[in-house]
$ cat data.csv   # CSV, C-alpha atoms
chain,number,residue,atom,x,y,z
Q,1,MET,CA,55.5,-39.0,21.7
Q,2,ARG,CA,56.2,-35.4,20.6
Q,3,ALA,CA,59.8,-34.4,20.1
Q,4,LYS,CA,60.9,-31.6,22.4
Q,5,THR,CA,63.4,-28.8,22.1
Q,6,PRO,CA,66.3,-28.3,24.5
Q,7,SER,CA,64.9,-25.0,25.6
Q,8,GLU,CA,61.9,-26.8,27.0
Q,9,SER,CA,64.2,-28.5,29.6
Q,10,LEU,CA,66.2,-25.3,30.4
Q,11,THR,CA,66.9,-25.1,34.1
Q,12,THR,CA,68.7,-22.1,35.7
Q,13,LEU,CA,69.8,-22.1,39.3
Q,14,THR,CA,71.3,-19.0,40.8
Q,15,ASP,CA,72.9,-19.1,44.3
Q,16,LEU,CA,75.5,-17.4,46.5
Q,17,VAL,CA,78.7,-19.0,47.6
Q,18,LEU,CA,78.9,-19.0,51.4
Q,19,PRO,CA,82.0,-19.3,53.6
Q,20,GLY,CA,81.0,-22.8,54.9
Q,21,GLU,CA,81.0,-24.1,51.3
Q,22,THR,CA,84.6,-23.1,50.6
Q,23,ASN,CA,88.1,-24.6,51.0
Q,24,TYR,CA,91.2,-23.0,52.6
Q,25,LEU,CA,91.6,-20.7,49.7
Q,26,ASP,CA,88.1,-19.4,50.1
Q,27,ASN,CA,87.0,-21.0,46.8
Q,28,LEU,CA,83.8,-23.2,46.4
Q,29,PHE,CA,84.5,-26.9,47.0
Q,30,GLY,CA,84.5,-28.8,43.7
Q,31,GLY,CA,82.1,-31.4,45.3
Q,32,GLU,CA,79.7,-28.7,46.3
Q,33,LEU,CA,79.6,-27.4,42.7
Q,34,LEU,CA,79.1,-30.9,41.3
Q,35,ALA,CA,76.1,-31.4,43.6
Q,36,ARG,CA,74.6,-28.1,42.4
Q,37,MET,CA,75.2,-29.1,38.8
Q,38,ASP,CA,73.6,-32.6,39.4
Q,39,ARG,CA,70.5,-30.9,40.8
Q,40,ALA,CA,70.1,-28.6,37.9
Q,41,CYS,CA,70.7,-31.4,35.4
Q,42,SER,CA,68.2,-33.6,37.2
Q,43,ILE,CA,65.5,-30.9,37.0
Q,44,ALA,CA,66.3,-30.5,33.2
Q,45,ALA,CA,66.0,-34.3,32.7
Q,46,ARG,CA,62.8,-34.4,34.6
Q,47,ARG,CA,61.3,-31.5,32.6
Q,48,HIS,CA,62.2,-33.2,29.4
Q,49,SER,CA,61.0,-36.7,30.3
Q,50,ARG,CA,58.2,-35.9,32.8
Q,51,ARG,CA,59.4,-39.1,34.6
Q,52,ILE,CA,61.5,-40.0,37.6
Q,53,VAL,CA,65.2,-39.7,36.6
Q,54,VAL,CA,68.4,-41.1,38.0
Q,55,THR,CA,71.9,-40.0,37.4
Q,56,ALA,CA,73.7,-42.7,35.3
Q,57,SER,CA,77.0,-41.0,34.9
Q,58,VAL,CA,79.0,-37.8,35.0
Q,59,ASN,CA,80.8,-38.0,31.6
Q,60,HIS,CA,82.8,-34.8,31.7
Q,61,VAL,CA,83.5,-31.9,34.1
Q,62,ALA,CA,85.9,-29.1,33.4
Q,63,PHE,CA,86.9,-26.8,36.2
Q,64,THR,CA,88.4,-23.8,34.3
Q,65,LYS,CA,88.3,-21.1,37.0
Q,66,SER,CA,87.8,-21.1,40.8
Q,67,VAL,CA,84.6,-19.8,42.3
Q,68,PRO,CA,85.4,-17.4,45.2
Q,69,VAL,CA,83.4,-17.0,48.3
Q,70,GLY,CA,80.7,-14.4,47.9
Q,71,SER,CA,80.3,-15.2,44.2
Q,72,VAL,CA,76.9,-15.3,42.5
Q,73,VAL,CA,76.8,-18.6,40.7
Q,74,THR,CA,74.4,-19.4,37.8
Q,75,ILE,CA,74.0,-22.9,36.6
Q,76,GLU,CA,72.3,-23.5,33.2
Q,77,ALA,CA,71.3,-27.1,32.2
Q,78,LYS,CA,69.4,-28.5,29.3
Q,79,VAL,CA,69.0,-31.8,27.5
Q,80,SER,CA,71.3,-32.0,24.6
Q,81,ARG,CA,70.3,-35.4,23.2
Q,82,THR,CA,68.0,-38.3,24.0
Q,83,PHE,CA,68.3,-42.0,23.3
Q,84,THR,CA,65.7,-44.7,24.2
Q,85,SER,CA,65.4,-44.0,28.0
Q,86,SER,CA,68.6,-42.1,28.6
Q,87,MET,CA,69.4,-38.5,28.0
Q,88,GLU,CA,72.6,-36.4,27.9
Q,89,VAL,CA,72.3,-33.1,29.8
Q,90,TYR,CA,74.8,-30.3,29.2
Q,91,VAL,CA,75.5,-27.9,32.0
Q,92,ASP,CA,77.3,-24.5,32.0
Q,93,VAL,CA,78.4,-22.6,35.1
Q,94,TRP,CA,78.9,-18.9,35.3
Q,95,ILE,CA,79.9,-16.4,37.9
Q,96,GLU,CA,79.1,-12.7,38.1
Q,97,ASP,CA,81.8,-10.1,38.8
Q,98,ARG,CA,80.6,-8.4,42.0
Q,99,GLN,CA,81.4,-4.9,40.7
Q,100,SER,CA,80.6,-5.0,37.0
Q,101,GLY,CA,78.0,-7.8,36.8
Q,102,GLU,CA,79.9,-9.3,33.9
Q,103,LYS,CA,79.5,-13.0,33.6
Q,104,THR,CA,82.4,-15.5,33.2
Q,105,LYS,CA,82.1,-19.1,32.4
Q,106,VAL,CA,83.9,-21.1,35.0
Q,107,ASN,CA,82.8,-24.7,34.5
Q,108,GLU,CA,80.9,-27.1,32.2
Q,109,GLY,CA,79.8,-30.7,32.5
Q,110,ILE,CA,78.0,-33.4,30.8
Q,111,TYR,CA,75.7,-35.7,32.8
Q,112,THR,CA,73.7,-38.8,31.7
Q,113,PHE,CA,70.3,-39.5,33.2
Q,114,VAL,CA,67.9,-42.4,32.7
Q,115,ALA,CA,64.1,-42.0,33.0
Q,116,VAL,CA,62.5,-44.8,35.1
Q,117,ASP,CA,59.1,-45.8,36.3
Q,118,GLU,CA,58.1,-46.2,40.0
Q,119,THR,CA,59.8,-49.6,40.1
Q,120,GLY,CA,63.1,-48.3,38.7
Q,121,LYS,CA,62.6,-49.8,35.2
Q,122,PRO,CA,63.8,-47.6,32.3
Q,123,VAL,CA,61.0,-46.1,30.2
Q,124,PRO,CA,61.0,-44.5,26.7
Q,125,ILE,CA,61.3,-40.7,26.5
Q,126,PRO,CA,60.7,-38.1,23.8
Q,127,GLN,CA,63.3,-37.3,21.3
Q,128,ILE,CA,65.1,-34.0,21.1
Q,129,LYS,CA,65.0,-31.4,18.3
Q,130,PRO,CA,67.9,-29.0,18.5
Q,131,GLU,CA,67.2,-25.4,17.4
Q,132,THR,CA,70.4,-23.4,17.7
Q,133,GLU,CA,73.8,-23.9,16.2
Q,134,LEU,CA,75.2,-24.7,19.7
Q,135,GLU,CA,72.4,-27.2,20.4
Q,136,GLN,CA,73.0,-28.9,17.1
Q,137,LYS,CA,76.8,-29.2,17.8
Q,138,ARG,CA,76.2,-30.7,21.2
Q,139,TYR,CA,73.5,-33.0,19.8
Q,140,GLU,CA,75.9,-34.3,17.1
Q,141,GLY,CA,78.7,-34.9,19.6
Q,142,ALA,CA,76.5,-36.8,22.0
Q,143,LEU,CA,76.5,-40.1,20.2
Q,144,ARG,CA,80.3,-40.1,20.1
Q,145,ARG,CA,80.4,-39.3,23.8
Q,146,LYS,CA,77.9,-42.0,24.6
Q,147,GLN,CA,79.9,-44.6,22.6
Q,148,LEU,CA,83.2,-43.6,24.3
Q,149,SER,CA,81.6,-43.9,27.8
Q,150,LEU,CA,80.2,-47.3,26.9
Q,151,VAL,CA,83.6,-48.5,25.5
Q,152,LEU,CA,85.5,-47.2,28.6
Q,153,ALA,CA,82.9,-48.9,30.9
Q,154,GLY,CA,83.3,-52.2,29.0
Q,155,LYS,CA,79.7,-52.2,27.9
Q,156,MET,CA,80.5,-51.8,24.2
Q,157,ASP,CA,83.0,-53.5,22.0
Q,158,PRO,CA,85.2,-50.8,20.4
Q,159,LYS,CA,84.7,-52.3,17.0
Q,160,ASP,CA,80.9,-51.6,17.4
Q,161,ALA,CA,81.5,-47.9,18.2
Q,162,THR,CA,80.8,-46.7,14.6
Q,163,GLU,CA,80.8,-42.9,15.5
Q,164,LEU,CA,84.2,-43.2,17.2
Q,165,LYS,CA,85.7,-45.2,14.3
Q,166,ALA,CA,84.5,-42.6,11.9
Q,167,LEU,CA,86.5,-40.0,13.7
Q,168,PHE,CA,89.8,-41.9,13.3
Q,169,LEU,CA,89.3,-44.0,10.2
Q,170,SER,CA,87.7,-41.5,7.8
$ encode --input "data.csv" --output "C-alpha cells"
Amino acid sequence: MRAKTPSESLTTLTDLVLPGETNYLDNLFGGELLARMDRACSIAARRHSRRIVVTASVNHVAFTKSVPVGSVVTIEAKVSRTFTSSMEVYVDVWIEDRQSGEKTKVNEGIYTFVAVDETGKPVPIPQIKPETELEQKRYEGALRRKQLSLVLAGKMDPKDATELKALFLS
C-alpha cells in the first residue's frame, strides 16, 4: 500500500451560518459546528483510506471564538497520522470578516476514525507521509494523543504508554 500525504485527504467545507442554527446570542450552536467538523473529517478519512469510515472519538475540541450569525465558516480537515486501521484527523475552523474578508481561526479539533469493511470489521489503511513543518508537528504528537486517549479510556495500562512516559521521565 502506497503511503499518502496529508494534502491528499484535504477537505474544505465552506458554509453560511443561518439564524436557525444559532443560540440566543446569535452565535452558532457548538453542536452544529461539531457536526460540520465531523462531516469534514469523515470525508478526509474516506479520501485517505478509500474505505467506509466511522468516528471512533473526538479527542479534542477548542472553541476559542464565537461564530456569529451570517458568518462564512470554512472548515479544513486532513489526516495527520495513521495507525493500523485508525487515523487521526486534524480540523481547523475559520470565519471571514464580512467587510474585510480577513480570516480568523475560531476552532480546532482532533477526531479519530477507523476504516472498516462492509461488515464493520477494521481494515488496514495506507500510512501517512507528512510534508510541511505543521504536518510533521501534528504527526509527531499523534502517538502521544492516542496513548493518552487509550489510557483515559482504560484500554491501555499507563506503564505501557511509552510516548507519554518519555514526556515526563526524560
$ residues_near_point --input "data.csv" --point "(80.9, -16.3, 43.1)" --cutoff "9 Å" --atoms "all atoms listed in the file" --output "list of chain:residue names"
Q:Asp15, Q:Leu16, Q:Val17, Q:Leu18, Q:Asn27, Q:Leu28, Q:Ser66, Q:Val67, Q:Pro68, Q:Val69, Q:Gly70, Q:Ser71, Q:Val72, Q:Val73, Q:Thr74, Q:Trp94, Q:Ile95, Q:Glu96, Q:Asp97, Q:Arg98
$ residues_around --input "data.csv" --residues "Glu140 of chain Q" --least-positions-apart "4" --cutoff "12 Å" --atoms "only C-alpha atoms" --output "ChimeraX atom specification"
/Q:80-82,88,128-130,133-136,144-146,163
$ residues_around --input "data.csv" --residues "Gly30 of chain Q" --least-positions-apart "2" --cutoff "12 Å" --atoms "all atoms listed in the file" --output "JSON, numbers by chain"
{"Q": [21, 22, 23, 26, 27, 28, 32, 33, 34, 35, 36, 37, 61, 62, 63, 64, 65, 66, 67, 68, 106, 107]}
$ atom_distance --input "data.csv" --atom1 "atom CA of Arg39 of chain Q" --atom2 "atom CA of Gly154 of chain Q"
27.5 Å
$ residues_around --input "data.csv" --residues "Gln147 of chain Q" --least-positions-apart "2" --cutoff "8 Å" --atoms "only C-alpha atoms" --output "PyMOL selection string"
chain Q and resi 143-145+149-151+156+161+163-164
$ closest_residue --input "data.csv" --among "Q:Val91, Q:Ala77, Q:Leu169, Q:Ala45" --to "Ile125 of chain Q" --atoms "only C-alpha atoms"
Q:Ala45
$ residues_around --input "data.csv" --residues "segment 47-50 of chain Q" --least-positions-apart "3" --cutoff "9 Å" --atoms "all atoms listed in the file" --output "VMD selection string"
chain Q and resid 4 to 6 8 to 11 42 to 44 53 78 to 79 85 87 115 124 to 126 128
$ atom_distance --input "data.csv" --atom1 "atom CA of Tyr139 of chain Q" --atom2 "atom CA of Thr84 of chain Q"
14.7 Å
$ atom_distance --input "data.csv" --atom1 "atom CA of Gln127 of chain Q" --atom2 "atom CA of Asn59 of chain Q"
20.3 Å
$ residues_around --input "data.csv" --residues "Asp117 of chain Q" --least-positions-apart "2" --cutoff "9 Å" --atoms "all atoms listed in the file" --output "list in words"
Arg51, Ile52, Val53, Ala115, Thr119, Gly120, Lys121, Pro122 and Val123 of chain Q
$ residues_near_point --input "data.csv" --point "(68.7, -23.5, 36.0)" --cutoff "6 Å" --atoms "all atoms listed in the file" --output "list in words"
Thr11, Thr12, Leu13, Ala40, Ile75, Glu76 and Ala77 of chain Q
$ decode --input "data.csv" --residues "segment 119-133 of chain Q" --atoms "N, CA, C and O atoms" --output "PDB file, in the first residue's frame"
ATOM      1  N   THR Q 119     -18.799  -5.245   6.639  1.00  0.00           N
ATOM      2  CA  THR Q 119     -19.350  -5.908   7.820  1.00  0.00           C
ATOM      3  C   THR Q 119     -18.986  -5.164   9.109  1.00  0.00           C
ATOM      4  O   THR Q 119     -19.352  -5.601  10.196  1.00  0.00           O
ATOM      5  N   GLY Q 120     -18.248  -4.063   8.982  1.00  0.00           N
ATOM      6  CA  GLY Q 120     -17.859  -3.288  10.158  1.00  0.00           C
ATOM      7  C   GLY Q 120     -16.544  -3.712  10.776  1.00  0.00           C
ATOM      8  O   GLY Q 120     -16.154  -3.207  11.830  1.00  0.00           O
ATOM      9  N   LYS Q 121     -15.827  -4.629  10.121  1.00  0.00           N
ATOM     10  CA  LYS Q 121     -14.543  -5.104  10.634  1.00  0.00           C
ATOM     11  C   LYS Q 121     -13.428  -4.138  10.218  1.00  0.00           C
ATOM     12  O   LYS Q 121     -13.324  -3.772   9.047  1.00  0.00           O
ATOM     13  N   PRO Q 122     -12.576  -3.714  11.170  1.00  0.00           N
ATOM     14  CA  PRO Q 122     -11.469  -2.809  10.819  1.00  0.00           C
ATOM     15  C   PRO Q 122     -10.556  -3.396   9.754  1.00  0.00           C
ATOM     16  O   PRO Q 122     -10.311  -4.607   9.724  1.00  0.00           O
ATOM     17  N   VAL Q 123     -10.090  -2.520   8.863  1.00  0.00           N
ATOM     18  CA  VAL Q 123      -9.223  -2.926   7.756  1.00  0.00           C
ATOM     19  C   VAL Q 123      -7.977  -2.041   7.724  1.00  0.00           C
ATOM     20  O   VAL Q 123      -8.011  -0.889   8.158  1.00  0.00           O
ATOM     21  N   PRO Q 124      -6.853  -2.574   7.221  1.00  0.00           N
ATOM     22  CA  PRO Q 124      -5.614  -1.784   7.142  1.00  0.00           C
ATOM     23  C   PRO Q 124      -5.765  -0.604   6.187  1.00  0.00           C
ATOM     24  O   PRO Q 124      -6.507  -0.675   5.209  1.00  0.00           O
ATOM     25  N   ILE Q 125      -5.022   0.454   6.493  1.00  0.00           N
ATOM     26  CA  ILE Q 125      -5.054   1.667   5.672  1.00  0.00           C
ATOM     27  C   ILE Q 125      -3.631   2.106   5.340  1.00  0.00           C
ATOM     28  O   ILE Q 125      -2.677   1.696   6.005  1.00  0.00           O
ATOM     29  N   PRO Q 126      -3.483   2.954   4.321  1.00  0.00           N
ATOM     30  CA  PRO Q 126      -2.142   3.452   3.975  1.00  0.00           C
ATOM     31  C   PRO Q 126      -1.550   4.318   5.089  1.00  0.00           C
ATOM     32  O   PRO Q 126      -2.277   4.969   5.836  1.00  0.00           O
ATOM     33  N   GLN Q 127      -0.243   4.312   5.173  1.00  0.00           N
ATOM     34  CA  GLN Q 127       0.449   5.181   6.118  1.00  0.00           C
ATOM     35  C   GLN Q 127       0.434   6.610   5.583  1.00  0.00           C
ATOM     36  O   GLN Q 127       0.073   6.854   4.441  1.00  0.00           O
ATOM     37  N   ILE Q 128       0.852   7.541   6.430  1.00  0.00           N
ATOM     38  CA  ILE Q 128       0.861   8.952   6.053  1.00  0.00           C
ATOM     39  C   ILE Q 128       2.299   9.448   6.020  1.00  0.00           C
ATOM     40  O   ILE Q 128       3.134   8.994   6.810  1.00  0.00           O
ATOM     41  N   LYS Q 129       2.584  10.336   5.089  1.00  0.00           N
ATOM     42  CA  LYS Q 129       3.917  10.906   4.944  1.00  0.00           C
ATOM     43  C   LYS Q 129       3.789  12.434   5.007  1.00  0.00           C
ATOM     44  O   LYS Q 129       3.448  13.071   4.001  1.00  0.00           O
ATOM     45  N   PRO Q 130       4.026  13.022   6.193  1.00  0.00           N
ATOM     46  CA  PRO Q 130       3.881  14.478   6.313  1.00  0.00           C
ATOM     47  C   PRO Q 130       4.878  15.219   5.433  1.00  0.00           C
ATOM     48  O   PRO Q 130       5.995  14.749   5.222  1.00  0.00           O
ATOM     49  N   GLU Q 131       4.461  16.386   4.935  1.00  0.00           N
ATOM     50  CA  GLU Q 131       5.319  17.171   4.049  1.00  0.00           C
ATOM     51  C   GLU Q 131       5.744  18.506   4.664  1.00  0.00           C
ATOM     52  O   GLU Q 131       6.882  18.903   4.517  1.00  0.00           O
ATOM     53  N   THR Q 132       4.820  19.182   5.336  1.00  0.00           N
ATOM     54  CA  THR Q 132       5.138  20.511   5.867  1.00  0.00           C
ATOM     55  C   THR Q 132       5.565  20.421   7.331  1.00  0.00           C
ATOM     56  O   THR Q 132       5.391  19.383   7.984  1.00  0.00           O
ATOM     57  N   GLU Q 133       6.109  21.513   7.837  1.00  0.00           N
ATOM     58  CA  GLU Q 133       6.522  21.564   9.250  1.00  0.00           C
ATOM     59  C   GLU Q 133       5.323  21.346  10.174  1.00  0.00           C
ATOM     60  O   GLU Q 133       5.418  20.604  11.160  1.00  0.00           O
TER      61      GLU Q 133
END
